[in-house]
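Dropping model-v4.cif in here (mmCIF, C-alpha atoms):
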```
data_work
#
loop_
_atom_site.label_atom_id
_atom_site.label_comp_id
_atom_site.auth_asym_id
_atom_site.auth_seq_id
_atom_site.Cartn_x
_atom_site.Cartn_y
_atom_site.Cartn_z
CA MET A 1 0.00 0.00 0.00
CA ALA A 2 2.86 2.39 0.79
CA ALA A 3 4.39 1.70 -2.61
CA ALA A 4 1.08 2.32 -4.38
CA ALA A 5 0.47 5.72 -2.80
CA PRO A 6 3.07 7.67 -4.85
CA ALA A 7 1.81 6.05 -8.05
CA ALA A 8 -1.77 7.09 -7.28
CA ALA A 9 -0.60 10.64 -6.54
CA GLN A 10 0.85 10.82 -10.06
CA GLN A 11 -2.35 9.97 -11.91
CA VAL A 12 -3.20 12.22 -14.87
CA GLU A 13 -6.00 14.69 -14.15
CA LEU A 14 -8.02 16.01 -17.08
CA LYS A 15 -9.80 19.36 -16.99
CA PRO A 16 -12.16 20.37 -19.83
CA LEU A 17 -11.98 23.98 -21.04
CA VAL A 18 -15.05 25.75 -22.43
CA ASP A 19 -15.39 29.52 -22.92
CA ALA A 20 -18.35 30.90 -24.91
CA ARG A 21 -19.35 34.44 -25.82
CA VAL A 22 -22.19 36.13 -27.68
CA ARG A 23 -21.86 39.84 -28.38
CA TYR A 24 -23.75 42.51 -30.28
CA GLU A 25 -21.83 45.69 -31.11
CA HIS A 26 -23.23 48.84 -32.71
CA VAL A 27 -21.04 51.73 -33.88
CA ASP A 28 -22.20 55.16 -35.06
CA GLU A 29 -19.15 57.10 -36.27
CA ASP A 30 -19.19 60.49 -38.00
CA GLY A 31 -17.56 60.40 -41.41
CA GLN A 32 -18.69 56.86 -42.18
CA PRO A 33 -21.51 56.47 -44.70
CA ARG A 34 -23.25 53.77 -42.66
CA ASP A 35 -23.33 52.47 -39.09
CA ALA A 36 -21.81 49.15 -38.09
CA ASP A 37 -23.74 46.23 -36.60
CA ALA A 38 -21.99 43.04 -35.52
CA LEU A 39 -23.46 39.97 -33.86
CA THR A 40 -20.64 37.51 -33.18
CA PHE A 41 -20.38 34.11 -31.52
CA ARG A 42 -17.05 33.04 -30.07
CA LEU A 43 -16.27 29.56 -28.72
CA ARG A 44 -13.08 28.24 -27.18
CA THR A 45 -12.75 24.61 -26.20
CA GLY A 46 -9.91 22.34 -25.17
CA VAL A 47 -8.44 20.23 -22.40
CA GLU A 48 -5.70 20.48 -19.79
CA ALA A 49 -3.88 17.38 -18.54
CA THR A 50 -1.93 17.55 -15.28
CA ARG A 51 0.37 15.04 -13.64
CA GLY A 52 2.33 16.20 -10.62
CA PRO A 53 4.19 19.42 -11.47
CA PHE A 54 3.74 18.91 -15.24
CA SER A 55 0.78 19.96 -17.37
CA ALA A 56 -0.15 20.13 -21.04
CA LEU A 57 -2.91 22.29 -22.48
CA VAL A 58 -4.45 22.63 -25.94
CA GLU A 59 -7.33 24.95 -26.82
CA ALA A 60 -8.94 25.94 -30.13
CA GLN A 61 -11.19 28.88 -30.86
CA GLY A 62 -13.67 29.94 -33.53
CA THR A 63 -15.49 33.21 -34.22
CA LEU A 64 -18.62 33.41 -36.37
CA ALA A 65 -20.44 36.58 -37.44
CA ALA A 66 -24.21 36.04 -37.56
CA ILE A 67 -24.73 39.73 -38.44
CA ASP A 68 -21.76 41.10 -40.38
CA ARG A 69 -22.74 44.63 -41.30
CA TYR A 70 -19.34 45.95 -40.25
CA TYR A 71 -15.75 46.29 -41.43
CA ASP A 72 -13.68 43.63 -39.67
CA GLY A 73 -10.30 45.15 -40.57
CA VAL A 74 -9.14 42.39 -42.93
CA THR A 75 -11.94 41.55 -45.41
CA GLY A 76 -14.61 43.48 -47.25
CA LEU A 77 -15.01 47.21 -47.84
CA ALA A 78 -14.22 49.85 -45.24
CA ASP A 79 -17.58 51.55 -45.81
CA ARG A 80 -18.67 51.01 -42.22
CA PRO A 81 -16.89 51.57 -38.88
CA LEU A 82 -14.29 49.05 -37.75
CA VAL A 83 -15.31 46.23 -35.40
CA ALA A 84 -12.13 44.24 -34.78
CA ASP A 85 -13.76 40.78 -34.59
CA PRO A 86 -13.11 39.03 -37.93
CA GLN A 87 -14.43 35.52 -38.45
CA ASN A 88 -11.74 33.05 -37.52
CA ILE A 89 -10.86 29.49 -36.59
CA ALA A 90 -7.46 28.83 -35.06
CA LEU A 91 -5.34 27.23 -32.38
CA TYR A 92 -5.64 29.58 -29.40
CA ARG A 93 -3.28 27.92 -26.89
CA ALA A 94 -0.93 24.93 -26.93
CA GLN A 95 1.49 24.85 -24.04
CA LEU A 96 3.56 22.71 -21.71
CA ARG A 97 4.19 23.79 -18.13
CA TYR A 98 6.33 22.77 -15.19
CA GLN A 99 5.21 24.34 -11.93
CA ASP A 100 6.57 23.59 -8.50
CA GLU A 101 7.32 25.56 -5.38
CA GLY A 102 9.16 28.76 -6.35
CA VAL A 103 9.43 28.02 -10.09
CA SER A 104 7.17 27.95 -13.15
CA VAL A 105 8.22 27.40 -16.77
CA THR A 106 5.67 27.59 -19.61
CA ALA A 107 6.56 26.89 -23.24
CA GLY A 108 4.37 27.15 -26.33
CA ARG A 109 1.42 29.28 -27.41
CA GLN A 110 0.13 30.98 -24.27
CA VAL A 111 -1.65 33.92 -22.71
CA ILE A 112 0.66 36.53 -21.16
CA ALA A 113 -0.76 39.44 -19.16
CA LEU A 114 1.77 41.49 -17.17
CA ASP A 115 0.90 44.00 -14.43
CA ASP A 116 -2.13 46.05 -15.57
CA GLU A 117 -1.63 44.88 -19.21
CA ARG A 118 -0.61 48.36 -20.35
CA PHE A 119 2.52 47.04 -22.08
CA VAL A 120 1.87 43.31 -22.51
CA GLY A 121 -1.61 41.80 -22.45
CA ASN A 122 -4.17 39.38 -23.85
CA VAL A 123 -6.54 41.92 -25.50
CA GLY A 124 -9.27 39.75 -24.01
CA PHE A 125 -12.15 42.05 -24.96
CA ARG A 126 -11.75 41.21 -28.63
CA ASP A 127 -13.13 37.84 -29.70
CA ASN A 128 -9.88 36.40 -31.09
CA ALA A 129 -7.65 37.85 -28.36
CA GLN A 130 -3.84 37.88 -28.44
CA THR A 131 -1.45 35.09 -27.52
CA PHE A 132 2.32 34.55 -27.69
CA ASP A 133 4.55 31.74 -28.91
CA ALA A 134 7.02 31.97 -26.07
CA VAL A 135 8.96 30.54 -23.17
CA ARG A 136 8.10 32.18 -19.84
CA THR A 137 9.90 31.57 -16.55
CA VAL A 138 8.66 32.81 -13.16
CA LEU A 139 10.94 32.42 -10.14
CA THR A 140 10.17 33.24 -6.50
CA PRO A 141 13.53 32.83 -4.72
CA LEU A 142 12.27 34.72 -1.65
CA PRO A 143 8.73 35.08 -0.27
CA LYS A 144 8.39 38.73 -1.39
CA LEU A 145 10.62 38.66 -4.46
CA LYS A 146 9.52 37.50 -7.95
CA LEU A 147 11.36 37.39 -11.26
CA ASP A 148 9.26 37.02 -14.42
CA VAL A 149 11.10 36.70 -17.77
CA THR A 150 9.65 35.85 -21.19
CA TYR A 151 11.18 35.34 -24.61
CA ALA A 152 8.50 35.48 -27.32
CA TRP A 153 9.34 34.78 -30.95
CA ASN A 154 5.84 35.24 -32.32
CA VAL A 155 2.70 37.25 -31.51
CA ARG A 156 -0.66 35.81 -32.60
CA THR A 157 -2.79 38.89 -33.20
CA ILE A 158 -6.52 39.60 -32.91
CA TRP A 159 -6.85 39.67 -36.72
CA GLY A 160 -7.13 35.90 -37.15
CA ILE A 161 -6.06 33.68 -40.01
CA ASN A 162 -7.17 36.16 -42.72
CA GLY A 163 -5.06 39.01 -41.40
CA THR A 164 -3.22 40.99 -44.05
CA GLY A 165 -1.08 44.09 -44.56
CA ALA A 166 -0.47 45.99 -41.33
CA ARG A 167 -2.96 43.60 -39.64
CA GLN A 168 -1.00 40.39 -39.89
CA PRO A 169 -2.28 37.10 -38.39
CA SER A 170 1.06 36.83 -36.57
CA ILE A 171 4.15 38.98 -36.14
CA GLY A 172 7.56 37.43 -35.60
CA GLY A 173 10.44 38.99 -33.69
CA ASP A 174 12.76 38.68 -30.71
CA ASN A 175 10.57 40.03 -27.90
CA VAL A 176 11.79 40.05 -24.30
CA PHE A 177 9.59 40.90 -21.30
CA ALA A 178 11.29 41.09 -17.89
CA ASN A 179 9.77 41.97 -14.51
CA LEU A 180 11.44 42.02 -11.10
CA SER A 181 8.98 42.76 -8.29
CA TYR A 182 9.23 43.07 -4.52
CA ALA A 183 6.37 43.37 -2.02
CA THR A 184 7.08 46.44 0.12
CA PRO A 185 4.96 47.80 3.01
CA VAL A 186 3.45 50.42 0.65
CA GLY A 187 2.76 48.10 -2.29
CA THR A 188 4.43 45.90 -4.87
CA LEU A 189 7.36 47.66 -6.51
CA THR A 190 8.17 46.37 -10.00
CA GLY A 191 11.04 47.21 -12.28
CA PHE A 192 10.50 46.22 -15.90
CA ALA A 193 12.11 46.03 -19.30
CA TYR A 194 9.94 45.40 -22.37
CA LEU A 195 11.78 44.88 -25.67
CA VAL A 196 9.20 44.76 -28.46
CA ASP A 197 10.40 43.54 -31.85
CA GLN A 198 7.73 43.94 -34.55
CA ASP A 199 9.93 42.31 -37.18
CA GLU A 200 7.49 42.54 -40.10
CA ALA A 201 7.94 45.19 -42.81
CA ALA A 202 4.19 45.35 -43.49
CA VAL A 203 3.55 46.40 -39.87
CA GLN A 204 4.37 50.10 -40.11
CA GLY A 205 7.81 49.43 -41.58
CA TYR A 206 9.26 48.16 -38.26
CA ARG A 207 8.37 51.49 -36.59
CA LEU A 208 6.58 49.78 -33.67
CA SER A 209 9.78 48.10 -32.43
CA SER A 210 10.79 49.71 -29.14
CA GLN A 211 12.54 49.28 -25.81
CA SER A 212 10.78 50.48 -22.64
CA TYR A 213 12.32 50.58 -19.16
CA GLY A 214 10.50 51.69 -16.07
CA ALA A 215 9.02 51.05 -12.64
CA ARG A 216 5.58 50.59 -11.13
CA LEU A 217 4.20 50.76 -7.60
CA ALA A 218 0.76 49.28 -6.90
CA GLY A 219 -0.82 48.76 -3.50
CA SER A 220 -3.81 49.21 -1.25
CA THR A 221 -4.64 49.71 2.40
CA ALA A 222 -7.74 49.50 4.58
CA LEU A 223 -8.84 52.81 6.07
CA THR A 224 -11.66 51.31 8.12
CA GLN A 225 -13.50 47.99 8.13
CA ALA A 226 -15.66 49.24 5.22
CA ALA A 227 -13.25 51.59 3.40
CA LYS A 228 -10.14 50.90 1.33
CA VAL A 229 -7.87 52.96 -0.89
CA ALA A 230 -5.79 51.53 -3.77
CA TRP A 231 -3.15 53.26 -5.86
CA GLN A 232 -0.92 52.86 -8.91
CA LEU A 233 2.14 54.88 -9.90
CA SER A 234 4.12 54.11 -13.03
CA TYR A 235 6.90 55.64 -15.11
CA ALA A 236 8.70 54.41 -18.22
CA ARG A 237 11.10 55.68 -20.85
CA GLN A 238 10.80 54.35 -24.40
CA SER A 239 13.11 54.56 -27.39
CA ASP A 240 13.58 52.88 -30.76
CA TRP A 241 14.93 49.33 -30.94
CA HIS A 242 16.09 46.73 -33.42
CA ARG A 243 15.14 47.66 -37.04
CA ASN A 244 13.05 50.74 -36.22
CA PRO A 245 14.15 53.48 -38.68
CA ASN A 246 12.99 56.27 -36.35
CA ARG A 247 15.22 57.70 -33.65
CA TYR A 248 13.18 58.90 -30.72
CA ALA A 249 12.64 58.89 -26.96
CA ALA A 250 9.36 59.42 -25.10
CA ASN A 251 8.09 59.15 -21.53
CA TYR A 252 5.13 57.41 -19.91
CA TYR A 253 3.45 58.43 -16.64
CA LEU A 254 0.51 57.06 -14.69
CA ALA A 255 -1.00 58.12 -11.38
CA ASP A 256 -4.24 56.40 -10.33
CA ALA A 257 -6.17 56.11 -7.07
CA THR A 258 -9.43 54.38 -6.09
CA LEU A 259 -11.43 54.84 -2.89
CA SER A 260 -13.90 52.02 -2.06
CA VAL A 261 -16.53 52.35 0.69
CA SER A 262 -19.25 49.73 1.29
CA GLY A 263 -19.71 48.82 -2.36
CA TRP A 264 -19.24 52.36 -3.68
CA SER A 265 -16.07 53.38 -5.49
CA LEU A 266 -14.50 56.62 -6.69
CA ASN A 267 -11.57 56.56 -9.11
CA ALA A 268 -9.35 59.28 -10.58
CA GLY A 269 -6.18 59.19 -12.61
CA TYR A 270 -3.84 60.86 -15.07
CA GLU A 271 -2.03 58.94 -17.80
CA VAL A 272 0.49 60.39 -20.26
CA LEU A 273 1.91 58.73 -23.36
CA GLY A 274 4.53 61.28 -24.31
CA ALA A 275 5.74 62.61 -27.65
CA ASP A 276 9.17 63.34 -29.06
CA ASP A 277 9.17 65.64 -32.10
CA GLY A 278 5.67 65.19 -33.53
CA VAL A 279 6.66 62.71 -36.25
CA ALA A 280 4.40 59.66 -36.62
CA PHE A 281 5.45 56.72 -34.40
CA THR A 282 7.91 58.79 -32.35
CA SER A 283 5.41 58.99 -29.48
CA PHE A 284 5.12 56.33 -26.76
CA GLN A 285 3.54 53.19 -28.30
CA THR A 286 2.14 50.02 -26.69
CA PRO A 287 1.38 47.65 -29.62
CA LEU A 288 1.29 44.54 -27.37
CA GLY A 289 -0.85 45.99 -24.59
CA THR A 290 -4.54 45.48 -23.87
CA ASN A 291 -5.20 49.01 -25.05
CA PHE A 292 -9.00 48.74 -24.89
CA LYS A 293 -8.66 49.02 -21.09
CA PHE A 294 -7.05 52.46 -21.38
CA GLN A 295 -7.98 55.89 -22.75
CA GLY A 296 -11.60 55.13 -23.46
CA TRP A 297 -13.55 52.29 -25.05
CA ALA A 298 -14.16 54.20 -28.29
CA ASP A 299 -10.64 53.10 -29.31
CA LYS A 300 -9.49 56.47 -30.61
CA PHE A 301 -5.99 56.12 -29.18
CA LEU A 302 -5.02 52.49 -29.80
CA THR A 303 -2.10 53.96 -31.75
CA THR A 304 -0.68 56.96 -29.93
CA PRO A 305 -0.93 60.15 -32.05
CA PRO A 306 2.34 61.82 -33.16
CA ASN A 307 1.92 64.51 -30.49
CA GLY A 308 1.22 62.01 -27.71
CA VAL A 309 -1.85 61.94 -25.48
CA ARG A 310 -2.71 63.03 -21.95
CA ASP A 311 -5.75 61.40 -20.35
CA LEU A 312 -7.34 62.94 -17.27
CA TYR A 313 -10.15 60.69 -16.02
CA VAL A 314 -12.64 60.50 -13.15
CA GLY A 315 -15.08 57.68 -12.49
CA GLY A 316 -17.22 55.94 -9.96
CA GLY A 317 -19.46 52.96 -9.46
CA TYR A 318 -21.44 50.72 -7.17
CA GLY A 319 -21.43 46.96 -6.77
CA VAL A 320 -23.41 44.55 -4.64
CA LYS A 321 -23.18 40.78 -4.15
CA GLU A 322 -25.93 38.15 -3.82
CA VAL A 323 -28.98 40.22 -4.66
CA LEU A 324 -32.11 39.51 -6.78
CA GLY A 325 -30.86 35.99 -7.50
CA ALA A 326 -27.55 37.23 -8.94
CA ASP A 327 -24.12 36.55 -7.54
CA ALA A 328 -23.08 40.16 -8.26
CA ILE A 329 -24.43 43.33 -9.86
CA SER A 330 -22.29 46.36 -10.69
CA LEU A 331 -22.65 49.78 -12.32
CA SER A 332 -19.84 52.18 -13.20
CA GLY A 333 -18.93 55.13 -15.38
CA THR A 334 -15.80 57.11 -16.33
CA TRP A 335 -15.27 60.55 -17.89
CA HIS A 336 -12.11 61.25 -19.91
CA ARG A 337 -10.55 64.48 -21.13
CA PHE A 338 -7.93 63.96 -23.85
CA ARG A 339 -5.21 66.42 -24.81
CA SER A 340 -1.93 66.14 -26.66
CA ASP A 341 1.34 65.89 -24.78
CA ARG A 342 2.97 68.22 -27.29
CA LEU A 343 1.52 71.59 -28.42
CA GLY A 344 -1.40 71.43 -25.97
CA GLN A 345 -4.07 70.38 -28.47
CA ARG A 346 -7.56 69.53 -27.21
CA TYR A 347 -8.39 66.12 -28.65
CA GLY A 348 -11.83 65.48 -27.19
CA THR A 349 -13.80 63.97 -24.32
CA GLU A 350 -15.40 60.59 -23.69
CA ILE A 351 -17.91 59.01 -21.33
CA ASP A 352 -17.84 55.23 -20.72
CA LEU A 353 -20.66 53.40 -18.92
CA ILE A 354 -21.11 49.73 -18.00
CA ALA A 355 -23.65 47.59 -16.14
CA SER A 356 -22.98 43.91 -15.44
CA VAL A 357 -24.76 41.00 -13.79
CA LYS A 358 -23.08 37.71 -12.81
CA VAL A 359 -25.15 34.57 -12.26
CA ARG A 360 -23.06 31.51 -11.52
CA ARG A 361 -20.87 30.92 -14.61
CA ALA A 362 -22.64 33.50 -16.79
CA LEU A 363 -21.75 37.20 -17.02
CA PHE A 364 -24.08 39.64 -18.78
CA SER A 365 -22.88 43.17 -19.54
CA LEU A 366 -24.23 46.29 -21.23
CA ARG A 367 -21.60 48.85 -22.21
CA HIS A 368 -21.61 52.24 -23.96
CA ALA A 369 -18.88 54.67 -25.09
CA ARG A 370 -19.53 58.24 -26.26
CA TYR A 371 -16.58 60.16 -27.74
CA ARG A 372 -16.91 63.82 -28.71
CA ALA A 373 -14.09 65.22 -30.83
CA ASP A 374 -12.51 68.66 -30.61
CA THR A 375 -9.46 68.41 -32.89
CA PHE A 376 -8.81 64.64 -33.08
CA ALA A 377 -10.82 61.90 -34.84
CA THR A 378 -14.62 62.18 -35.12
CA ASP A 379 -17.67 61.88 -32.88
CA THR A 380 -18.36 58.22 -32.15
CA ASP A 381 -20.92 56.22 -30.18
CA LYS A 382 -20.45 52.52 -29.44
CA THR A 383 -22.80 50.11 -27.66
CA TRP A 384 -22.17 46.50 -26.65
CA VAL A 385 -24.52 43.83 -25.30
CA GLN A 386 -22.53 40.78 -24.24
CA LEU A 387 -22.98 37.38 -22.60
CA ASP A 388 -19.97 35.32 -21.44
CA TRP A 389 -20.04 31.79 -20.06
CA ALA A 390 -17.00 29.79 -18.93
CA TYR A 391 -16.46 26.35 -17.43
#
```

Show me this structure written as structure tokens.
Amino acid sequence: MAAAAPAAAQQVELKPLVDARVRYEHVDEDGQPRDADALTFRLRTGVEATRGPFSALVEAQGTLAAIDRYYDGVTGLADRPLVADPQNIALYRAQLRYQDEGVSVTAGRQVIALDDERFVGNVGFRDNAQTFDAVRTVLTPLPKLKLDVTYAWNVRTIWGINGTGARQPSIGGDNVFANLSYATPVGTLTGFAYLVDQDEAAVQGYRLSSQSYGARLAGSTALTQAAKVAWQLSYARQSDWHRNPNRYAANYYLADATLSVSGWSLNAGYEVLGADDGVAFTSFQTPLGTNFKFQGWADKFLTTPPNGVRDLYVGGGYGVKEVLGADAISLSGTWHRFRSDRLGQRYGTEIDLIASVKVRRALFSLRHARYRADTFATDTDKTWVQLDWAY
């Protein structure tokens, strides 16, 4: 019996993976002859096998457009606003992992989301999302110290298998993401280096290749039993790297604070993606970040303008758990004021609103973005109705 116990402990455990989404998106954008309407279905399914510290995972995904009155970025005419959810069928993840106390090594196609996903993320809001062909190593040599290093030779983009031109299905390059973090009494302090190699001539002629070095402090503290305050401070310096023909340097700043009291929250922040000399792609760029999370949901600043962007935002919300048969209900809104970093141009303002209800494994959300232009882009309204279910 003693001899059989270790063998039993090493049995293979199988975990099914199912992630489904239905979303309707409507876009009304000035300057476009017609509105966009997209009803998409996205399904991911796969399996994870685990034996002791080793695991193997494979997961496929498919996106189908039931209503396709929109420009998906890669096929059809651009006579309607862009909705970046092209139809697709592809391998989403395929990875091997070793994970034991103090060490984790993951190799293969995988999801990588670092810190707040400003620089490296999954772009999870889009149906096809973003993954990396990479080797990632996470070491915890001391209880409060963590080293996270990734080498990624390929980025699988949100544009799917039909991607073309500047919207390639994948972008090769020698990307290196390195984080060293330490848990201090005032929050987790992280030093980072992100070397982004967009080694594809069709993708802006290599002008999105960059090296960014910086630091981030994120923490929270309880003020009373019902009140808590959380904060983020971040700074980075970016310059050209690898085959980028531009020569530039630009700064990044973020200051953000959130006060939470008995389900209510109040948030305010200021984020700057700086500019150099006003030439295109010499401002601070984050091509591998989950940019939908930042600077408004209308997606006007996914590529930083030549003169940079400064985003002053204020928001608030309320959330409650276990009410009206739901596990959680939340409401929130954020107001943004956008200006350029260089020359003091007034870009525009935006209001973002969201309501969500979670019932067991299902999450229903209603979201709206309203951008009003001053000197940048055009007036745009976007509305999403979305249902997610995951097992």

*Compare A:Gly344, A:Pro86, A:Gly165, A:Gly296 by their minimum atom-to-atom distance to A:Gln204, counting all atoms listed in the file, and give me the closest one.*
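The closest residue to A:Gln204 is A:Gly165.
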
*asked:* Just checking: using all atoms listed in the file, which residue out of A:Arg109, A:Arg80, A:Arg207, A:Arg372 ends up closest to A:Asn244?
replied: A:Arg207

*What is the distance, in Å and to one decimal place, between atom CA of A:Arg237 and atom CA of A:Gly214?*
6.3 Å

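Residues in contact with stretch 298-314 of chain A at 6 Å, where all atoms listed in the file are counted and same-chain residues fewer than 2 positions away are skipped, are listed as A:Asn267, A:Ala268, A:Gly269, A:Tyr270, A:Glu271, A:Val272, A:Leu273, A:Gly274, A:Ala275, A:Gly278, A:Val279, A:Ala280, A:Ser283, A:Gln285, A:Asn291, A:Gly296, A:Thr334, A:Trp335, A:His336, A:Arg337, A:Phe338, A:Arg339, A:Ser340, A:Asp341, A:Arg342, A:Ala369.
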
So which residues touch stretch 176-179 of chain A within 12 Å, counting all atoms listed in the file, skipping near sequence neighbours fewer than 6 positions away, as a PDB file with C-alpha atoms, keeping the file's coordinate frame?
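Generated file (part.pdb):
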```pdb
ATOM      1  CA  ILE A 112       0.660  36.530 -21.160  1.00  0.00           C
ATOM      2  CA  ALA A 113      -0.760  39.440 -19.160  1.00  0.00           C
ATOM      3  CA  LEU A 114       1.770  41.490 -17.170  1.00  0.00           C
ATOM      4  CA  ASP A 115       0.900  44.000 -14.430  1.00  0.00           C
ATOM      5  CA  PHE A 119       2.520  47.040 -22.080  1.00  0.00           C
ATOM      6  CA  VAL A 120       1.870  43.310 -22.510  1.00  0.00           C
ATOM      7  CA  GLY A 121      -1.610  41.800 -22.450  1.00  0.00           C
ATOM      8  CA  PHE A 132       2.320  34.550 -27.690  1.00  0.00           C
ATOM      9  CA  ASP A 133       4.550  31.740 -28.910  1.00  0.00           C
ATOM     10  CA  ALA A 134       7.020  31.970 -26.070  1.00  0.00           C
ATOM     11  CA  VAL A 135       8.960  30.540 -23.170  1.00  0.00           C
ATOM     12  CA  ARG A 136       8.100  32.180 -19.840  1.00  0.00           C
ATOM     13  CA  THR A 137       9.900  31.570 -16.550  1.00  0.00           C
ATOM     14  CA  VAL A 138       8.660  32.810 -13.160  1.00  0.00           C
ATOM     15  CA  LEU A 139      10.940  32.420 -10.140  1.00  0.00           C
ATOM     16  CA  THR A 140      10.170  33.240  -6.500  1.00  0.00           C
ATOM     17  CA  LEU A 145      10.620  38.660  -4.460  1.00  0.00           C
ATOM     18  CA  LYS A 146       9.520  37.500  -7.950  1.00  0.00           C
ATOM     19  CA  LEU A 147      11.360  37.390 -11.260  1.00  0.00           C
ATOM     20  CA  ASP A 148       9.260  37.020 -14.420  1.00  0.00           C
ATOM     21  CA  VAL A 149      11.100  36.700 -17.770  1.00  0.00           C
ATOM     22  CA  THR A 150       9.650  35.850 -21.190  1.00  0.00           C
ATOM     23  CA  TYR A 151      11.180  35.340 -24.610  1.00  0.00           C
ATOM     24  CA  ALA A 152       8.500  35.480 -27.320  1.00  0.00           C
ATOM     25  CA  TRP A 153       9.340  34.780 -30.950  1.00  0.00           C
ATOM     26  CA  ASN A 154       5.840  35.240 -32.320  1.00  0.00           C
ATOM     27  CA  VAL A 155       2.700  37.250 -31.510  1.00  0.00           C
ATOM     28  CA  THR A 188       4.430  45.900  -4.870  1.00  0.00           C
ATOM     29  CA  LEU A 189       7.360  47.660  -6.510  1.00  0.00           C
ATOM     30  CA  THR A 190       8.170  46.370 -10.000  1.00  0.00           C
ATOM     31  CA  GLY A 191      11.040  47.210 -12.280  1.00  0.00           C
ATOM     32  CA  PHE A 192      10.500  46.220 -15.900  1.00  0.00           C
ATOM     33  CA  ALA A 193      12.110  46.030 -19.300  1.00  0.00           C
ATOM     34  CA  TYR A 194       9.940  45.400 -22.370  1.00  0.00           C
ATOM     35  CA  LEU A 195      11.780  44.880 -25.670  1.00  0.00           C
ATOM     36  CA  VAL A 196       9.200  44.760 -28.460  1.00  0.00           C
ATOM     37  CA  ASP A 197      10.400  43.540 -31.850  1.00  0.00           C
ATOM     38  CA  GLN A 198       7.730  43.940 -34.550  1.00  0.00           C
ATOM     39  CA  SER A 209       9.780  48.100 -32.430  1.00  0.00           C
ATOM     40  CA  SER A 210      10.790  49.710 -29.140  1.00  0.00           C
ATOM     41  CA  GLN A 211      12.540  49.280 -25.810  1.00  0.00           C
ATOM     42  CA  SER A 212      10.780  50.480 -22.640  1.00  0.00           C
ATOM     43  CA  TYR A 213      12.320  50.580 -19.160  1.00  0.00           C
ATOM     44  CA  GLY A 214      10.500  51.690 -16.070  1.00  0.00           C
ATOM     45  CA  ALA A 215       9.020  51.050 -12.640  1.00  0.00           C
ATOM     46  CA  ARG A 216       5.580  50.590 -11.130  1.00  0.00           C
ATOM     47  CA  TRP A 241      14.930  49.330 -30.940  1.00  0.00           C
ATOM     48  CA  LEU A 288       1.290  44.540 -27.370  1.00  0.00           C
TER      49      LEU A 288
END
```

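Compared by their closest atoms to A:Phe284, and using all atoms listed in the file, the residues A:Tyr70, A:Tyr248, A:Trp264, A:Trp297 rank with A:Tyr248 nearest.
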
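Take atom CA of A:Glu200 and atom CA of A:Gly173: the distance between them is 7.9 Å.
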
*Closest of A:Val385, A:Leu331, A:Val47, A:Val22 to A:Arg93 - atom-to-atom distances counting all atoms listed in the file*: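 Ranking A:Val385, A:Leu331, A:Val47, A:Val22 by distance to A:Arg93, first place goes to A:Val47.
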
_Since I can't run it myself right now, could you work out what the PyMOL selection byres ((chain A and resi 368) around 10) selects here and report it as a count of residues only?_
20
